[in-house]
Amino acid sequence: MIEFQQVSKRYDSDHMALKQVNFHLSRGELAFLTGHSGAGKSTLLKLIMLMERPSAGQVVVGGQVLNTLPRRQVPYIRRHIGVVFQNHQLLFDRTVFDNVAMPLEVMGVPAGDIGRRVRAALDKVGLLNKERMNPMQLSGGEQQRVGIARAVVNKPPLLLADEPTGNLDPELSADIMHLFEQFSQVGVTVLIASHDIALIDAMGRRTLTLEQGRLVTSDAAMESADGH
Ligand SMILES: Nc1ncnc2c1ncn2[C@@H]1O[C@H](COP(=O)(O)OP(=O)(O)OP(=O)(O)O)[C@@H](O)[C@H]1O
């Protein structure tokens with residue numbers, strides 16, 4: 001589903017944010033992306049989302065080589081990628097329902113289908129009874145789940161999350177991770193950037209570790225005795 005082949009990203013003449021990164025994530029795989037601040041996690045996600053282009057190497061998503069993709073096709077590819085952010089970027093002047101409906105409205109989904117699909121997404125994250133509320137009335141964990149419902153409402157095959165549990169306590173973080181696991185079980189490929197080593201270790205999933213732009217591990221966490 002995602003393939004990086006010798007991918008490097010240089011933002012300015014002397015600084016390399018990513019250096020010859022190689023990895024492959026299969027359909028339905030859930031993996032973590034970790035590393036110190038500035039190691040290149042957000043840059044790697046931005047290359048997948050087509051917010052940045054690589055300076056060298058190839059990024060392939062869903063069989064499509066992104067390097068040479070014409071600009072007019074970028075919105076089409078982005079529709080197939082759900083994105084969850086730490087600060088969830090909800091609109092506080094709209095209801096929970098309207099926030100989740102937004103991607104469908106942008107895509108021009110008929111009004112009759114929107115209600116059904118929004119409720120299916122809210123049901124998956126356990127918030128069906130809060131659809132008429134304003135996100136401001138919800139807890140941090142609930143707001144994050146609204147963000148996840150919005151990211152999956154159009155059933156993207158790929159879900160990216162950038163520090164999705166950054167503001168949450170350990171119990172709520174575990175709930176959010178459980179949701180991501182459920183999506184991967186139905187075939188969604190999930191890549192989660194996180195600093196939370198304790199949470200990553202507890203999940204026992206494959207972990208891609210960046211160090212100053214280089215991918216230093218990309219193994220399953222449980223393959224080594226100490227989990228590193
Ligand atoms: N638009 C940009 N222009 C120039 N340099 C950038 C840009 N975006 C990121 N960088 C640099 O690239 C390097 C990697 O940054 P990136 O944001 O990918 O790291 P990160 O691992 O996501 O960090 P954090 O955990 O703090 O979000 C950093 O040195 C950063 O300063």
# chains A, B, ... in the order shown; residues from 1 in each chain; ligands from 1
$ select_by_dssp --residues "segment 38-126 of chain A" --states "strand (DSSP E)" --output "list of chain:residue names"
A:Ala56, A:Gly57, A:Gln58, A:Val59, A:Val60, A:Val61, A:Gln64, A:Val65, A:Ile81, A:Gly82, A:Val83, A:Val84, A:Phe85
$ residues_near_ligand --ligand "ligand 1" --cutoff "6 Å" --atoms "only C-alpha atoms and all ligand atoms" --output "list in words"
Tyr11, Ala17, His36, Ser37, Gly38, Ala39, Gly40, Lys41, Ser42 and Thr43 of chain A
$ write_last_selection --atoms "N, CA and C atoms" --output "mmCIF file, in the first residue's frame"
data_model
loop_
_atom_site.group_PDB
_atom_site.id
_atom_site.type_symbol
_atom_site.label_atom_id
_atom_site.label_comp_id
_atom_site.auth_asym_id
_atom_site.auth_seq_id
_atom_site.Cartn_x
_atom_site.Cartn_y
_atom_site.Cartn_z
ATOM 1 N N TYR A 11 15.026 20.176 2.353
ATOM 2 C CA TYR A 11 14.214 21.404 2.343
ATOM 3 C C TYR A 11 15.009 22.595 1.864
ATOM 4 N N ALA A 17 16.064 16.359 5.485
ATOM 5 C CA ALA A 17 15.067 15.936 6.474
ATOM 6 C C ALA A 17 14.872 14.426 6.436
ATOM 7 N N HIS A 36 12.998 11.097 17.489
ATOM 8 C CA HIS A 36 13.048 12.358 18.226
ATOM 9 C C HIS A 36 12.421 13.481 17.414
ATOM 10 N N SER A 37 12.135 14.580 18.100
ATOM 11 C CA SER A 37 11.637 15.766 17.425
ATOM 12 C C SER A 37 12.632 16.175 16.341
ATOM 13 N N GLY A 38 12.127 16.415 15.144
ATOM 14 C CA GLY A 38 12.998 16.822 14.047
ATOM 15 C C GLY A 38 13.590 15.649 13.272
ATOM 16 N N ALA A 39 13.255 14.413 13.655
ATOM 17 C CA ALA A 39 13.832 13.235 12.990
ATOM 18 C C ALA A 39 13.279 13.031 11.576
ATOM 19 N N GLY A 40 12.121 13.644 11.293
ATOM 20 C CA GLY A 40 11.578 13.542 9.943
ATOM 21 C C GLY A 40 10.214 12.875 9.840
ATOM 22 N N LYS A 41 9.550 12.652 10.977
ATOM 23 C CA LYS A 41 8.266 11.940 10.958
ATOM 24 C C LYS A 41 7.207 12.684 10.141
ATOM 25 N N SER A 42 7.054 13.981 10.452
ATOM 26 C CA SER A 42 6.023 14.743 9.729
ATOM 27 C C SER A 42 6.359 14.841 8.251
ATOM 28 N N THR A 43 7.652 14.975 7.956
ATOM 29 C CA THR A 43 8.060 15.051 6.549
ATOM 30 C C THR A 43 7.661 13.775 5.817
#
$ residues_around --residues "segment 128-141 of chain A" --least-positions-apart "2" --cutoff "9 Å" --atoms "only C-alpha atoms" --output "PyMOL selection string"
chain A and resi 90-99+119-126+143-146+165+167-169+172-173+175-176
$ residues_around --residues "segment 71-76 of chain A" --least-positions-apart "2" --cutoff "12 Å" --atoms "only C-alpha atoms" --output "ChimeraX atom specification"
/A:47-53,64-69,78-81,103,106-107,156
$ atom_distance --atom1 "atom CA of Ile192 of chain A" --atom2 "atom CA of Lys46 of chain A"
12.8 Å
$ select_by_dssp --residues "segment 95-220 of chain A" --states "helix (DSSP H, G or I)" --output "ChimeraX atom specification"
/A:96-107,111-124,128-130,135-137,140-152,170-185,197-203
$ closest_residue --among "A:Ile197, A:Ile148, A:Val186, A:Leu191" --to "Pro170 of chain A" --atoms "only C-alpha atoms"
A:Ile197
$ closest_atom_pairs --of "segment 136-164 of chain A" --to "segment 111-115 of chain A" --cutoff "12 Å" --atoms "only C-alpha atoms" --output "JSON lines"
{"residue": "A:Arg150", "atom": "CA", "partner": "A:Ile114", "partner_atom": "CA", "distance": 12.0}
{"residue": "A:Val153", "atom": "CA", "partner": "A:Ile114", "partner_atom": "CA", "distance": 9.3}
{"residue": "A:Asn154", "atom": "CA", "partner": "A:Ile114", "partner_atom": "CA", "distance": 9.8}
$ write_last_selection --atoms "N, CA and C atoms" --output "short mmCIF file (atom, residue, chain, number, x, y, z; two decimals), in the first residue's frame"
data_model
loop_
_atom_site.label_atom_id
_atom_site.label_comp_id
_atom_site.auth_asym_id
_atom_site.auth_seq_id
_atom_site.Cartn_x
_atom_site.Cartn_y
_atom_site.Cartn_z
N ARG A 150 -14.25 11.58 11.11
CA ARG A 150 -14.14 12.40 9.90
C ARG A 150 -13.09 11.84 8.95
N VAL A 153 -14.70 8.61 7.24
CA VAL A 153 -16.09 8.62 6.76
C VAL A 153 -16.21 8.24 5.28
N ASN A 154 -15.18 8.53 4.50
CA ASN A 154 -15.27 8.14 3.09
C ASN A 154 -14.51 6.84 2.82
#
$ residues_around --residues "Ile200 of chain A" --least-positions-apart "2" --cutoff "12 Å" --atoms "only C-alpha atoms" --output "NGL selection string"
:A and (30-35 or 163 or 165 or 170 or 173-174 or 177 or 192-198 or 202-209 or 220-222 or 227-228)
$ closest_residue --among "A:Val100, A:Val21, A:Leu159, A:Val83" --to "Pro54 of chain A" --atoms "only C-alpha atoms"
A:Val21
$ closest_residue --among "A:Glu3, A:Ala101, A:Val61, A:Arg10" --to "Asn22 of chain A" --atoms "only C-alpha atoms"
A:Glu3
$ closest_residue --among "A:Gln86, A:Ser13, A:Ser26, A:Gln5" --to "Val60 of chain A" --atoms "only C-alpha atoms"
A:Gln5
$ atom_distance --atom1 "atom CA of Asp219 of chain A" --atom2 "atom CA of Lys155 of chain A"
27.6 Å
$ decode --residues "segment 89-220 of chain A" --atoms "C-alpha atoms" --output "compact mmCIF listing (two decimals), in the first residue's frame"
# COMPACT_ATOMS: atom_id res chain seq x y z
CA GLN A 89 -8.76 20.51 13.70
CA LEU A 90 -12.49 20.42 14.29
CA LEU A 91 -14.74 23.36 13.50
CA PHE A 92 -16.32 24.59 16.70
CA ASP A 93 -19.10 26.51 14.98
CA ARG A 94 -20.58 23.29 13.57
CA THR A 95 -22.10 20.20 15.11
CA VAL A 96 -20.31 16.87 15.43
CA PHE A 97 -22.43 15.58 12.53
CA ASP A 98 -21.45 18.50 10.27
CA ASN A 99 -17.75 18.11 11.10
CA VAL A 100 -17.80 14.45 10.10
CA ALA A 101 -19.90 15.18 6.99
CA MET A 102 -17.39 17.71 5.60
CA PRO A 103 -15.24 15.37 3.47
CA LEU A 104 -18.37 13.89 1.89
CA GLU A 105 -19.73 17.35 1.07
CA VAL A 106 -16.43 18.31 -0.55
CA MET A 107 -16.63 15.13 -2.66
CA GLY A 108 -20.20 15.94 -3.73
CA VAL A 109 -21.79 12.85 -2.14
CA PRO A 110 -25.61 13.08 -2.47
CA ALA A 111 -27.30 14.48 0.67
CA GLY A 112 -29.31 11.29 1.11
CA ASP A 113 -26.16 9.21 1.47
CA ILE A 114 -24.37 11.64 3.76
CA GLY A 115 -26.57 10.98 6.81
CA ARG A 116 -26.18 7.23 6.54
CA ARG A 117 -22.42 7.38 6.10
CA VAL A 118 -21.82 9.95 8.84
CA ARG A 119 -23.85 7.86 11.31
CA ALA A 120 -21.95 4.71 10.34
CA ALA A 121 -18.65 6.51 11.07
CA LEU A 122 -19.91 7.96 14.37
CA ASP A 123 -21.18 4.52 15.35
CA LYS A 124 -17.71 3.02 14.77
CA VAL A 125 -16.13 5.50 17.17
CA GLY A 126 -18.95 5.18 19.73
CA LEU A 127 -20.38 8.70 19.36
CA LEU A 128 -23.69 8.12 17.64
CA ASN A 129 -25.60 9.79 20.48
CA LYS A 130 -23.53 13.00 20.25
CA GLU A 131 -24.14 13.95 16.64
CA ARG A 132 -26.10 17.13 17.44
CA MET A 133 -23.59 18.41 19.99
CA ASN A 134 -20.96 21.03 19.41
CA PRO A 135 -17.43 19.56 19.59
CA MET A 136 -16.69 22.11 22.34
CA GLN A 137 -19.07 20.20 24.62
CA LEU A 138 -17.04 17.01 24.26
CA SER A 139 -14.03 15.74 26.18
CA GLY A 140 -10.58 15.66 24.56
CA GLY A 141 -10.86 11.93 23.89
CA GLU A 142 -14.29 12.35 22.33
CA GLN A 143 -13.08 15.22 20.16
CA GLN A 144 -10.26 13.02 18.93
CA ARG A 145 -12.80 10.32 18.06
CA VAL A 146 -14.80 12.87 16.04
CA GLY A 147 -11.56 13.60 14.17
CA ILE A 148 -11.14 9.88 13.51
CA ALA A 149 -14.75 9.52 12.32
CA ARG A 150 -14.14 12.40 9.90
CA ALA A 151 -10.93 10.76 8.66
CA VAL A 152 -12.65 7.43 7.91
CA VAL A 153 -16.09 8.62 6.76
CA ASN A 154 -15.27 8.14 3.09
CA LYS A 155 -13.68 4.74 3.78
CA PRO A 156 -10.10 5.53 2.76
CA PRO A 157 -7.80 2.51 2.28
CA LEU A 158 -5.05 4.41 4.09
CA LEU A 159 -5.16 6.18 7.44
CA LEU A 160 -2.31 8.42 8.65
CA ALA A 161 -2.16 9.82 12.17
CA ASP A 162 0.28 12.47 13.43
CA GLU A 163 0.58 12.29 17.25
CA PRO A 164 -3.10 11.32 17.59
CA THR A 165 -2.86 10.75 21.36
CA GLY A 166 -0.55 13.65 22.20
CA ASN A 167 -3.03 15.36 24.52
CA LEU A 168 -4.71 12.29 25.99
CA ASP A 169 -4.11 10.31 29.16
CA PRO A 170 -2.86 6.70 28.87
CA GLU A 171 -6.29 5.09 29.14
CA LEU A 172 -7.88 7.25 26.44
CA SER A 173 -4.78 6.79 24.28
CA ALA A 174 -5.21 3.03 24.50
CA ASP A 175 -8.88 3.39 23.44
CA ILE A 176 -7.84 5.41 20.39
CA MET A 177 -5.21 2.79 19.49
CA HIS A 178 -7.83 0.08 19.79
CA LEU A 179 -9.94 1.97 17.25
CA PHE A 180 -7.01 2.12 14.83
CA GLU A 181 -6.53 -1.64 15.28
CA GLN A 182 -10.15 -2.22 14.35
CA PHE A 183 -9.69 -0.28 11.12
CA SER A 184 -6.59 -2.27 10.23
CA GLN A 185 -8.49 -5.50 10.86
CA VAL A 186 -10.90 -4.58 8.07
CA GLY A 187 -8.05 -3.91 5.63
CA VAL A 188 -7.19 -0.25 6.22
CA THR A 189 -3.44 0.42 6.24
CA VAL A 190 -2.63 2.56 9.30
CA LEU A 191 0.56 4.54 9.95
CA ILE A 192 0.76 6.37 13.29
CA ALA A 193 3.51 8.91 14.10
CA SER A 194 4.05 9.03 17.85
CA HIS A 195 6.58 9.94 20.54
CA ASP A 196 4.78 7.77 23.08
CA ILE A 197 7.27 4.90 23.47
CA ALA A 198 5.32 3.28 26.33
CA LEU A 199 2.18 3.12 24.22
CA ILE A 200 4.08 1.86 21.16
CA ASP A 201 5.74 -0.88 23.22
CA ALA A 202 2.38 -1.88 24.71
CA MET A 203 0.91 -2.29 21.21
CA GLY A 204 3.67 -4.68 20.04
CA ARG A 205 3.35 -3.59 16.41
CA ARG A 206 5.86 -2.91 13.69
CA THR A 207 7.75 0.31 14.39
CA LEU A 208 9.62 2.47 11.90
CA THR A 209 12.23 4.51 13.77
CA LEU A 210 13.79 7.63 12.27
CA GLU A 211 17.05 9.11 13.50
CA GLN A 212 18.08 12.38 11.90
CA GLY A 213 16.26 11.47 8.72
CA ARG A 214 17.50 7.90 8.47
CA LEU A 215 15.28 4.90 9.01
CA VAL A 216 17.19 2.93 11.64
CA THR A 217 14.64 0.19 12.36
CA SER A 218 11.58 -0.98 10.56
CA ASP A 219 10.98 -4.27 12.35
CA ALA A 220 8.11 -5.73 14.26
